[in-house]
Every structure is written in structure tokens, then in C-alpha cells.
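Novice: This is the structure I have questions about; it appears just below.
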Amino acid sequence: MKDQSCKPCAEGRYSLGTGIRFDEWDELPHGFASLSTNMEIEDTTTESTENCTASKWVPLGDYISSNTDECTATLMYAVNLKQSGSVNFEYYYPDSSIIFEFFVQNDQCQPNVDDSRWMKTTEKGWEFHSVELNRGNNVLYWRTTAFSVWSKVSKPVLVRNIAITGVAYTSECFPCKPGTYADKQGSSFCELCPANSYSNKGETSCHQCDPDKYSEKGSSSCKVRPACTDKDYFYTHTACDANGETQLMYKWAQPKICGEDLKGAVKLPASGVKTHCPPCNPGFSKTNNSACEPCPYGSYSNGSDCTHCPAGTEPAVGFEYKWWNTLPSNMETTVLSGINFEYKGMTGWEVAGDHIYTAVGASDNDFMILTLVVPGFRPPQSVMADTENKEVARITFVFETICSVNCELYFMVGVNSRTNTPVETWKGSKGKQSYTYIIEENATMSFTWAFQRTTFHETGRKYTNDVAKIYSINVTNVMDGVASYCRPCALEASDMGSSCTACPAGYYIDRDSGTCHSCPPNTILKAHQPYGIQACMPCGPGTKSNKIHSLCYNDCTFSISTPTRVLDYNFLALAKTVSLAGGPSFTSKGLKYFHHFTLSLCGNQGKKMSVCADNVTDLRIPEGESGFSKSITAYICQAVIIPPEVTGYKAGVSSQPVSLADRLIGVTTDMTLDGITSPAELFHPESLGIPDVIFFYRSSDVTQSCSSGRSATVRVRCSPLKPAPGSLSLPSTCSDGTCDGCNFHFLWESVAACPLCSPADYHAIVSSCVAGIQKTTYVWREPKLCAGGISLPEQRVTICKTIDFWLKVGISAGTCTAILLTVLTCYFWKKNQKLEYKYSKLVMNATLKDCDLPAADSCAIMEGEDVEDDLIFTSKKSLFGKIRSFTSKQPAPVTISLSEDS
């Protein structure tokens with residue numbers, strides 16, 4: 001200041017010129033503020049705000065650590081720049097379930113640049129980030145929010161070495177912090193002290209530790225060396241020598257911090273014990289100097305000699321590691337420090353003959369990392385590619401963990417050098433078991449195993465006996481892989497002789513003849529074992545196979561016979577993708593989230609259409625470049641949704657997508673199919689008498705809790721009052737769709753789920769005859785329990801005779817009948833008179849003696865003649881009386897003797 005000039009800093013001090021640097025985080029430096037807010041911006045109740053008061057950035061010595069809960073923690077620093085400058089810092093951001101954003105605002109609260117706001121997850125330890133700053137007031141914000149709503153705790157974001165340039169000139173130099181030094185004038189930073197040395201504040205050099213003490217790199221003091229124990233060394237194997245022998249070697253764990261000469265210290269066991277080398281891995285053969293080299297393509301081996309595949313077979317290429325004399329060339333191992341999160345040039349896993357195991361780290365919270373890189377995959381020639389059945393290959397490994405504390409083994413997968421995504425985590429001791437991961441993308445893949453003995457800081461080496469062991473790793477269909485066996489293939493004759501060829505899609509290989517045969521209708525071909533008719537698996541009920549026999553699907557139709565009729569269904573109105581959210585759930589901090597389901601009932605000719613994405617990553621990627629985000633395609637998938645009114649971001653956060661239905665098992669009205677049950681008691685009972693149609697699905701996602709994968713059932717129910725697409729619901733007793741975490745159940749009620757209408761669903765109503773016309777109307781039976789299908793027949797009109805006509809006909813017929821009866825009555829009356837006359841004559845004649853003859857009567861009435869003389873009756877009888885008397889008289893027998901001349 002005196003002579004208005006710039007001078008170099010003295011030794012032991014440093015300066016950024018027009019800048020400031022923050023590299024000590026024992027406490028929050030002056031000028032920084034750490035704020036925490038509950039994400040529910042609109043409803044910041046006192047209680048929820050109090051829940052988040054402890055969620056802040058925490059200084060931890062060399063760095064500052066973010067929160068790991070669902071509160072939003074903000075680290076702020078305001079600075080006034082005299083000229084344009086920059087801010088740069090190092091950060092460690094391993095877990096994508098935290099949103100980490102860094103942005104700058106000016107004094108009008110306007111963000112300077114928005115492009116670099118969303119930070120990308122780090123791949124290899126600490127990464128460097130720099131942002132340009134404008135002149136004037138700048139407020140810097142580091143903000144984190146975790147979105148891990150499961151029990152898993154996110155790994156925090158760490159920030160260190162924040163440097164800002166462009167502030168006013170520096171009027172003083174800063175002393176080097178303890179553990180660093182500056183040995184020359186004019187330094188802009190301080191060097192770290194090497195291991196086994198230390199320095200105090202503002203030192204120009206480092207001091208060596210006493211022989212009985214040690215220190216790590218960048219230490220401000222030395223620690224007393226403990227006596228060596230059996231936890232401070234490990235064993236490994238040397239490469240095979242020309243005699244096929246390997247030496248067992250013992251090594252001190254690095255960095256070596258224990259003393260061998262102290263009282264009670266153990267000595268390093270003697271090395272050099274020779275044992276026979278383990279055999280080569282399958283697909284490799286031994287050379288003259290006992291090394292293992294891969295067999296050429298077209299041959300195979302069991303670990304000894306290479307043998308050519310016989311005619312009619314092809315090598316099943318892959319990697320199968322089950323003997324561990326040296327680490328394979330495509331695997332590497334390292335250690336990530338659990339204290340400062342820097343990678344160390346150390347070996348994390350060591351070979352041990354029939355397995356590899358985690359070596360001793362510098363500290364028990366170090367991550368012991370093993371990585372296998374596979375350049376790509378080549379499905380076998382005899383298996384056609386299939387767009388829906390996306391299995392390209394699979395990796396299977398057998399492992400074991402032996403732990404006394406809370407150890408964790410992570411298995412992570414990276415695609416095309418993207419961030420390693422944790423696929424599965426095992427906590428605590430796990431017995432020897434196998435795990436399989438299906439690879440669905442033909443790309444360069446990296447598989448990483450990371451083992452951490454404990455999460456506690458500064459633990460030293462207490463739990464080195466806690467180890468993870470991997471016995472075997474098997475990857476199928478690897479490009480440039482080796483073969484442990486040959487499989488039969490289809491033969492194709494050519495000028496060069498017979499060679500393997502690909503069977504057409506949906507054809508299996510006959511082992512004996514080497515020819516291709518089509519699978520029967522409605523069967524699917526097992527892609528990995530396409531040999532013999534038994535490779536064609538029948539489709540489940542209500543489904544059929546696609547043209548290439550790769551999957552079974554339902555075309556949105558279904559038919560079932562009942563004792564009374566045949567019910568036909570058409571679910572095309574339900575074919576579109578629909579979404580359903582469960583009831584709101586809350587974390588311990590009061591963060592509201594939903595389980596969000598996406599369903600496509602029958603897909604599109606078997607193509608799965610439901611997509612669930614993880615857009616936590618998308619939030620930090622410019623729009624249009626979100627191909628990086630992790631998404632899942634399935635018949636049914638689930639994601640965790642945190643709505644935008646909760647997050648304060650422009651979009652809701654969707655994370656942790658899970659597939660619940662990769663393949664359709666069958667469609668039936670039975671409650672159980674292939675070991676999956678859809679309990680009727682989960683939903684309110686069906687009341688219309690039409691059976692529920694149940695779609696059964698299975699997912700290939702195998703987790704620790706769901707050892708046989710997840711499953712899902714969709715119960716489709718006829719509901720005439722709910723127009724398509726109807727309503728989806730979850731079981732009332734299990735609000736998240738599942739009661740056990742593995743089997744998910746849905747109820748879909750819709751009029752489109754009713755059977756197709758048939759003639760049994762309507763009846764006819766016949767009207768009366770009006771003006772010679774009669775109408776027949778058809779109406780649906782009530783309640784109408786059908787949809788679609790046939791429509792009601794048109795009203796039928798027929799000609800009919802009215803009542804007046806028939807009345808006239810009736811009167812005429814009655815009149816004719818009356819006349820006829822009158823005529824008949826008269827006729828019978830006349831006839832009756834004649835009979836009475838004859839009868840009376842006979843009676844009169846009957847009174848004579850037998851020998852007397854009646855007097856001749858010349859006037860006798862012959863049959864058919866009229867009576868001319870009137871008879872006088874003493875009593876007049878009515879017509880009916882006469883008839884009655886005539887019928888009741890019984891004449892006495894009369895004997896008439898007639899002479900010849902009479």
C-alpha cells in the first residue's frame with residue numbers, strides 16, 4: 001500500500017492476487033451462510049420448517065458436505081467483484097438421487113448463466129468446475145435436495161478448494177494451512193506435505209516424523225505407530241512359473257503405519273511357499289511357460305487344451321472366470337478413499353486361487369473397487385435379434401460377504417462410459433450365492449463391484465477380517481470372447497463345405513440333422529437354448545405368439561364359455577397407455593411423494609408401451625439432450641413422483657423407475673396362473689354376475705426381496721356406468737398397489753370391459769295393431785351388461801287386420817249360425833210330429849186282440865206323406881217338452897200279424 005506496487009509473497013505464504021481461496025473447512029468460513037428450507041414452498045408450516053433446521057452443509061475439515069435428506073440445503077456466499085473474474089471449486093458428486101445445482105445471481109437476483117446450473121455426477125473422484133463472474137455483486141449458491149424416498153440414504157455432495165478471482169487487490173498474503181508449505185516467494189498455492197512428515201501454519205518446509213510415528217499426506221501432526229497385527233498384512237499369488245507353480249506371498253498393507261519392532265508386534269509370515277497353479281479359465285489354454293492364453297475363435301477348452309468345434313456346432317463365446325491366479329487383463333482394481341474420496345494407486349482386490357477377495361485398505365471406510373470392462377456383445381448366429389425380447393447377454397457372478405459390522409457390497413453397471421448406476425446392494429453378511437443381471441443393450445459395458453467395510457470416519461483398520469469374495473464371473477455372448485463349449489447350430493451347405501447359419505426367426509434347430517424347423521403355432525422359442533421341439537414353449541391362456549415366435553401377446557380380445565352362453569370381449573378401448581397415482585406418502589421430513597404407475601394392458605402387438613423415466617438427471621441437462629436419462633419400458637412400470645408444487649422446479653421429479661411387467665403370462669378368469677395369484681378379497685366384490693378378466697404379468701427384475709422377480713395382475717371388470725377408458729384403482733388395504741413389495745394388483749373398471757353384445761342381451765316388444773300396422777321393437781335387457789358387439793335390430797313393421805274387421809266377421813258368423821240353428825230346430829220339430837203320430841197309431845192298434853186285424857185304412861200315411869187330417873191333442877206341450885216326452889217314452893212290445901193280402 002505504501003508504494004502502490006505488487007510484491008511477491010514471502011515463503012510460507014500464498015496469494016491469489018485479485019482472489020480469495022477457501023480450503024480450510026474446520027468451521028464455516030466468514031461470509032458463508034448455510035440455509036435449509038422444506039421443499040413444500042406453498043405450505044411452509046412451522047412444524048415442517050423445524051424438521052429441516054438441521055439439514056445444512058456441514059464443514060468436515062478438508063471439505064464441506066451437503067445434506068442427504070429431502071430438505072433443500074443452500075450454501076451461499078456474496079462477493080463484490082471489482083473486475084470480471086471467475087469462481088472455481090472441486091466437487092465430489094457420486095449419487096444421482098441428489099439434485100445438485102450451482103448458480104450465481106447478481107444484485108437484481110437475476111441468474112448470470114443458466115447453462116451450467118445443473119451439475120453432472122462425478123466419475124473418478126473429485127472434479128473441477130469453473131464459472132465466469134461479472135463485475136459487481138455476485139451471490140454464489142450451492143444447493144442440494146435429495147430425492148431418495150426409500151430407506152436408502154444418499155451419498156452427500158462434497159465441495160472443497162473454492163477460489164474466487166476478480167475481487168479487490170489483495171493487501172496481504174495468506175499463510176499456508178497446516179500440512180502444507182510454500183518453499184519459494186510469490187506462491188499462488190501451497191504444496192501438501194508428503195507422507196510421514198508434517199507442517200504447522202505458514203511453514204516453508206515439512207518436518208519428518210520420528211521413526212516411531214507416522215503421518216498421511218498433508219498432515220499437520222504425526223501419530224504414534226501401533227504394533228503390527230495380523231490385520232496389517234494380506235496374501236497374494238505370483239504368476240505361474242515355467243514349472244506350473246505359484247508362490248504364496250504376504251505383503252504389508254499400504255500405507256504401512258504399524259511398527260514391527262514394537263512390543264507384541266507380529267512379523268510378516270514367510271513368503272515363497274510354492275503350490276500348483278490353478279488351471280486356466282475355460283476358453284484358455286496353457287502355454288509352454290505355464291501362462292494362460294485365449295483359444296482362437298472356432299475352438300473351445302475346459303482350461304487345458306484348445307479343441308476345434310466339431311462340424312455342426314459353433315462356439316458359445318463369453319468370459320468365464322473361476323480360477324484366479326492373476327487378475328484378467330480386462331479387469332482392474334483400485335481403492336477410493338472413504339475419507340477424502342480420492343482414488344489411490346492401490347490394489348483393492350487380491351487373487352486367491354479359487355476366488356478373489358477384498359484386500360486391506362488404508363482405512364475401513366475405503367471403497368475396494370473391482371471393474372470389468374466388456375467391449376461389446378455378439379448374440380450367437382443361430383439366434384435372431386428380437387426387438388421386444390431385448391436380452392443381449394447376461395452376467396452371473398457367485399459371491400459371499402463375511403462381515404462383523406455394517407458392510408456393503410455394491411454392484412454397478414455403466415454403459416458407454418456413462419455414470420455407474422447401482423443395480424443392487426447387499427448389506428451385512430451374505431452366504432455364498434449367485435446373482436444374474438440381464439444386459440439389454442449392445443454397447444461397451446463396465447461392471448463394478450465396490451465393497452465398503454463401514455461408513456464410519458477415521459476408523460483405521462479394525463475390521464480387515466470383513467471381506468467380500470467373488471468365486472466366479474460368467475458373461476455370455478461377448479464380442480472377442482472365448483468358448484468353454486460348442487453348441488449345435490443349423491448347417492448351410494456351400495462350396496466351402498457346410499457352415500453354421502442362422503435359422504429364421506421362430507425356428508428351432510434339430511440336434512440330429514442340423515436343420516431348422518418352425519415352432520408350432522402359439523409357442524415361443526427359448527432364445528438361449530433353441531434345440532429341439534421342447535425349445536418351443538406354449539403360450540399362456542388367452543395369448544398367442546407373434547410371427548417370429550419371440551413373445552406371447554394378447555390382441556385385446558378374449559372369449560370364455562359359461563354354462564349359459566359364450567362371452568366375447570374386446571378391450572381395444574383400453575389399449576392406450578394410462579397412468580395411476582397411489583395415495584400421497586410422506587417421508588420423515590414431511591416430503592410428499594406419490595407412487596406413479598403407467599399401464600398398457602395389451603401393448604401393441606406385444607410391443608410394450610409404458611415408459612417410466614428418471615428425470616432427476618434431466619433437470620441438469622439442457623432440453624433436447626435428455627437421452628442420457630434412465631428410462632424403463634414395460635407393460636406396467638412404476639416411478640416415484642414428487643410434484644412440481646413441492647419441488648419448486650418447473651417439472652415434477654420422477655425417479656427410481658421400476659418394471660413391474662416385462663411379459664404377459666396369460667389372460668383368464670381364474671384367480672391363479674403360473675404361481676401368480678390375484679386375490680378377489682383385495683377389491684370390492686363383483687356384483688353383476690359377469691366374471692372379471694385377469695391379465696397376469698411377470699417382470700424379470702430380480703432383487704434381494706423379490707428373489708423370483710416381480711409380478712402384476714390387472715383385474716378388468718365390467719362396469720356399465722363408467723365410460724371408457726374407465727377408472728383404475730389400487731387395493732384399499734395396500735395403497736401402493738402391493739402388500740409384499742413384489743406382487744402388484746390393479747382393478748380396471750370400465751364399460752369397455754363388458755362382453756360384446758349378443759342376441760341374448762336384448763328382447764322384443766310387440767305393439768298392438770293400429771290401422772292395419774303392427775310394430776316390433778327390440779330393447780336391451782336391464783341392466784345392460786354388454787358393450788359393442790352387435791347393435792339392436794331395427795324396428796320391424798308388419799301388416800295386420802284391425803279389430804273392426806274381425807267384429808264384422810264375428811257378427812256375420814253369429815247370424816249364419818243362428819239361422820242354421822233355427823232351420824234345424826224346425827226340421828227336427830216336424831220330424832218329431834211325424835214320429836209321434838206313428839207311435840200313437842201303433843199304440844192304438846196294440847189294444848186289439850192278437851187274432852184281430854186292424855180295420856183297413858185306405859188313408860194310411862206312408863213314409864214321407866203329409867198328415868192331412870188334424871190331430872187334436874188334449875194337452876198342448878211346448879216344443880222342448882215334446883222332445884223330452886218323446887225321448888222318455890218306452891213303448892211296450894207290440895206283435896203285429898199281417899195276412900198275406902194285407
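Just so we're on the same page: first chain in the C-alpha cells is A, next is B, and so on; residues restart at 1 for each chain, and ligands are numbered from 1 in the order they show up.
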Please report, as an NGL selection string, each residue of stretch 724-753 of chain A to which DSSP assigns strand (DSSP E) when run on this structure's backbone.

Specialist: :A and (727-729 or 743-750)

Novice: Keeping only N, CA, C and O atoms, write the selected residues as an mmCIF file, in the first residue's frame.

Specialist:
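selection11.cif was written with the following content:
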data_model
loop_
_atom_site.group_PDB
_atom_site.id
_atom_site.type_symbol
_atom_site.label_atom_id
_atom_site.label_comp_id
_atom_site.auth_asym_id
_atom_site.auth_seq_id
_atom_site.Cartn_x
_atom_site.Cartn_y
_atom_site.Cartn_z
ATOM 1 N N SER A 727 -62.011 -46.448 -14.882
ATOM 2 C CA SER A 727 -61.204 -45.991 -13.753
ATOM 3 C C SER A 727 -60.313 -47.127 -13.266
ATOM 4 O O SER A 727 -60.716 -48.289 -13.245
ATOM 5 N N LEU A 728 -59.107 -46.756 -12.871
ATOM 6 C CA LEU A 728 -58.140 -47.694 -12.297
ATOM 7 C C LEU A 728 -58.100 -47.484 -10.797
ATOM 8 O O LEU A 728 -58.176 -46.349 -10.320
ATOM 9 N N SER A 729 -57.938 -48.564 -10.053
ATOM 10 C CA SER A 729 -57.824 -48.405 -8.607
ATOM 11 C C SER A 729 -56.833 -49.417 -8.063
ATOM 12 O O SER A 729 -56.548 -50.446 -8.693
ATOM 13 N N ASN A 743 -45.599 -58.396 -5.535
ATOM 14 C CA ASN A 743 -46.775 -58.695 -6.346
ATOM 15 C C ASN A 743 -47.721 -57.495 -6.318
ATOM 16 O O ASN A 743 -48.189 -57.106 -5.254
ATOM 17 N N PHE A 744 -47.982 -56.926 -7.508
ATOM 18 C CA PHE A 744 -48.787 -55.713 -7.619
ATOM 19 C C PHE A 744 -50.140 -56.061 -8.230
ATOM 20 O O PHE A 744 -50.238 -56.925 -9.104
ATOM 21 N N HIS A 745 -51.190 -55.383 -7.751
ATOM 22 C CA HIS A 745 -52.548 -55.703 -8.190
ATOM 23 C C HIS A 745 -53.296 -54.420 -8.537
ATOM 24 O O HIS A 745 -53.201 -53.416 -7.818
ATOM 25 N N PHE A 746 -54.063 -54.480 -9.642
ATOM 26 C CA PHE A 746 -54.821 -53.318 -10.104
ATOM 27 C C PHE A 746 -56.224 -53.785 -10.482
ATOM 28 O O PHE A 746 -56.428 -54.918 -10.922
ATOM 29 N N LEU A 747 -57.192 -52.874 -10.318
ATOM 30 C CA LEU A 747 -58.572 -53.122 -10.752
ATOM 31 C C LEU A 747 -58.938 -52.053 -11.772
ATOM 32 O O LEU A 747 -58.809 -50.855 -11.494
ATOM 33 N N TRP A 748 -59.367 -52.495 -12.962
ATOM 34 C CA TRP A 748 -59.724 -51.567 -14.036
ATOM 35 C C TRP A 748 -61.214 -51.777 -14.320
ATOM 36 O O TRP A 748 -61.612 -52.805 -14.853
ATOM 37 N N GLU A 749 -62.031 -50.788 -13.947
ATOM 38 C CA GLU A 749 -63.471 -50.868 -14.160
ATOM 39 C C GLU A 749 -63.861 -49.970 -15.326
ATOM 40 O O GLU A 749 -63.511 -48.793 -15.356
ATOM 41 N N SER A 750 -64.593 -50.543 -16.281
ATOM 42 C CA SER A 750 -64.959 -49.761 -17.454
ATOM 43 C C SER A 750 -66.088 -50.460 -18.189
ATOM 44 O O SER A 750 -66.241 -51.690 -18.117
#

Novice: Quick one: everything within 7 Å of A:Lys427, counting only C-alpha atoms, minus sequence neighbours fewer than 3 positions away in the same chain. Send it as a PDB file with C-alpha atoms, in the first residue's frame.

Specialist:
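Output file result_16.pdb is given in full below:
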ATOM      1  CA  ASN A 406     -22.447 -52.739   8.666  1.00  0.00           C
ATOM      2  CA  CYS A 407     -20.528 -53.575   5.468  1.00  0.00           C
ATOM      3  CA  GLU A 408     -21.981 -53.036   1.992  1.00  0.00           C
ATOM      4  CA  LEU A 409     -21.254 -54.618  -1.386  1.00  0.00           C
TER       5      LEU A 409
END

Novice: Got a sec: who's within 6 Å of A:Gly666, counting only C-alpha atoms, leaving out chain neighbours fewer than 2 positions off, as a PyMOL selection string?

Specialist: chain A and resi 540-543+664+696

Novice: Restricting the output to N, CA, C and O atoms, write the selected residues as a PDB file, in the first residue's frame.

Specialist:
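part-v2.pdb written:
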ATOM      1  N   GLY A 540     -49.412 -68.845 -22.823  1.00  0.00           N
ATOM      2  CA  GLY A 540     -50.398 -68.978 -21.763  1.00  0.00           C
ATOM      3  C   GLY A 540     -51.807 -68.788 -22.294  1.00  0.00           C
ATOM      4  O   GLY A 540     -52.016 -68.421 -23.459  1.00  0.00           O
ATOM      5  N   PRO A 541     -52.812 -69.033 -21.455  1.00  0.00           N
ATOM      6  CA  PRO A 541     -54.210 -68.893 -21.899  1.00  0.00           C
ATOM      7  C   PRO A 541     -54.509 -67.456 -22.320  1.00  0.00           C
ATOM      8  O   PRO A 541     -53.997 -66.508 -21.742  1.00  0.00           O
ATOM      9  N   GLY A 542     -55.342 -67.345 -23.363  1.00  0.00           N
ATOM     10  CA  GLY A 542     -55.749 -66.018 -23.818  1.00  0.00           C
ATOM     11  C   GLY A 542     -54.693 -65.260 -24.578  1.00  0.00           C
ATOM     12  O   GLY A 542     -54.870 -64.080 -24.871  1.00  0.00           O
ATOM     13  N   THR A 543     -53.560 -65.899 -24.920  1.00  0.00           N
ATOM     14  CA  THR A 543     -52.488 -65.211 -25.653  1.00  0.00           C
ATOM     15  C   THR A 543     -52.098 -66.030 -26.871  1.00  0.00           C
ATOM     16  O   THR A 543     -52.426 -67.219 -26.981  1.00  0.00           O
ATOM     17  N   LEU A 664     -46.270 -60.884 -20.737  1.00  0.00           N
ATOM     18  CA  LEU A 664     -47.639 -61.281 -20.427  1.00  0.00           C
ATOM     19  C   LEU A 664     -47.671 -62.798 -20.282  1.00  0.00           C
ATOM     20  O   LEU A 664     -47.315 -63.530 -21.203  1.00  0.00           O
ATOM     21  N   PHE A 696     -52.295 -61.458 -16.349  1.00  0.00           N
ATOM     22  CA  PHE A 696     -51.182 -61.822 -15.471  1.00  0.00           C
ATOM     23  C   PHE A 696     -49.858 -61.469 -16.162  1.00  0.00           C
ATOM     24  O   PHE A 696     -49.646 -61.849 -17.322  1.00  0.00           O
TER      25      PHE A 696
END

Novice: Calculated over only C-alpha atoms, which of the candidates A:Lys56, A:Ala393, A:Cys228, A:Ala760 has the smallest distance to A:Thr564?

Specialist: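 Once distances to A:Thr564 are computed over only C-alpha atoms, the minimum belongs to A:Ala760.
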
Novice: Expressed in Å to a single decimal, how great is the separation between atom CA of A:Pro521 and atom CA of A:Glu440?

Specialist: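 Straight-line distance from atom CA of A:Pro521 to atom CA of A:Glu440 works out to 26.9 Å.
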
Novice: Near A:Arg487, counting only C-alpha atoms, which residues have an atom at most 7 Å away, once you skip same-chain residues fewer than 3 positions from it, shown as a PyMOL selection string?

Specialist: chain A and resi 313-316

Novice: Write out as a list in words the residues lying within 7 Å of A:Val374, counting only C-alpha atoms and excluding same-chain residues fewer than 3 positions away.

Specialist: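 After dropping sequence-adjacent residues, the list is Thr444, Met445 and Ser446 of chain A.
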
Novice: Pick out the residues sitting within 8 Å of A:Asp568, and hand them over as a short mmCIF file (atom, residue, chain, number, x, y, z; two decimals) with C-alpha atoms, in the first residue's frame; count only C-alpha atoms, and ignore anything fewer than 4 positions along from it in its own chain.

Specialist:
data_model
loop_
_atom_site.label_atom_id
_atom_site.label_comp_id
_atom_site.auth_asym_id
_atom_site.auth_seq_id
_atom_site.Cartn_x
_atom_site.Cartn_y
_atom_site.Cartn_z
CA THR A 557 -59.69 -59.74 -27.32
CA PHE A 558 -60.82 -62.58 -25.07
CA SER A 559 -63.51 -65.26 -25.13
CA ILE A 560 -64.86 -67.57 -22.43
CA PRO A 755 -68.59 -58.58 -23.01
CA LEU A 756 -69.64 -57.86 -26.56
#

Novice: Can you tell me which residues surround A:Thr421 at a distance of at most 7 Å, considering only C-alpha atoms, apart from same-chain residues fewer than 5 positions away, and format the answer as a PyMOL selection string?

Specialist: chain A and resi 412-414

Novice: So, with only C-alpha atoms as the atoms that count, which of A:Gly514, A:Pro657, A:Gly312, A:Pro226 lies closest to A:Arg461?

Specialist: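 Nearest candidate to A:Arg461 out of A:Gly514, A:Pro657, A:Gly312, A:Pro226: A:Pro226.
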
Novice: Hey, what does DSSP flag as helix (DSSP H, G or I) within stretch 520-604 of chain A? Can you give it to me as a PyMOL selection string?

Specialist: chain A and resi 533-535+572-574

Novice: Using only C-alpha atoms, which residue out of A:Gln656, A:Ser705, A:Thr672, A:Ser65 lies closest to A:Pro422?

Specialist: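 Of the candidates, the smallest distance to A:Pro422 is held by A:Gln656.
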
Novice: What gap, in Å, lies between atom CA of A:Pro643 and atom CA of A:His596?

Specialist: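 Spanning atom CA of A:Pro643 to atom CA of A:His596 is a straight-line distance of 10.9 Å.
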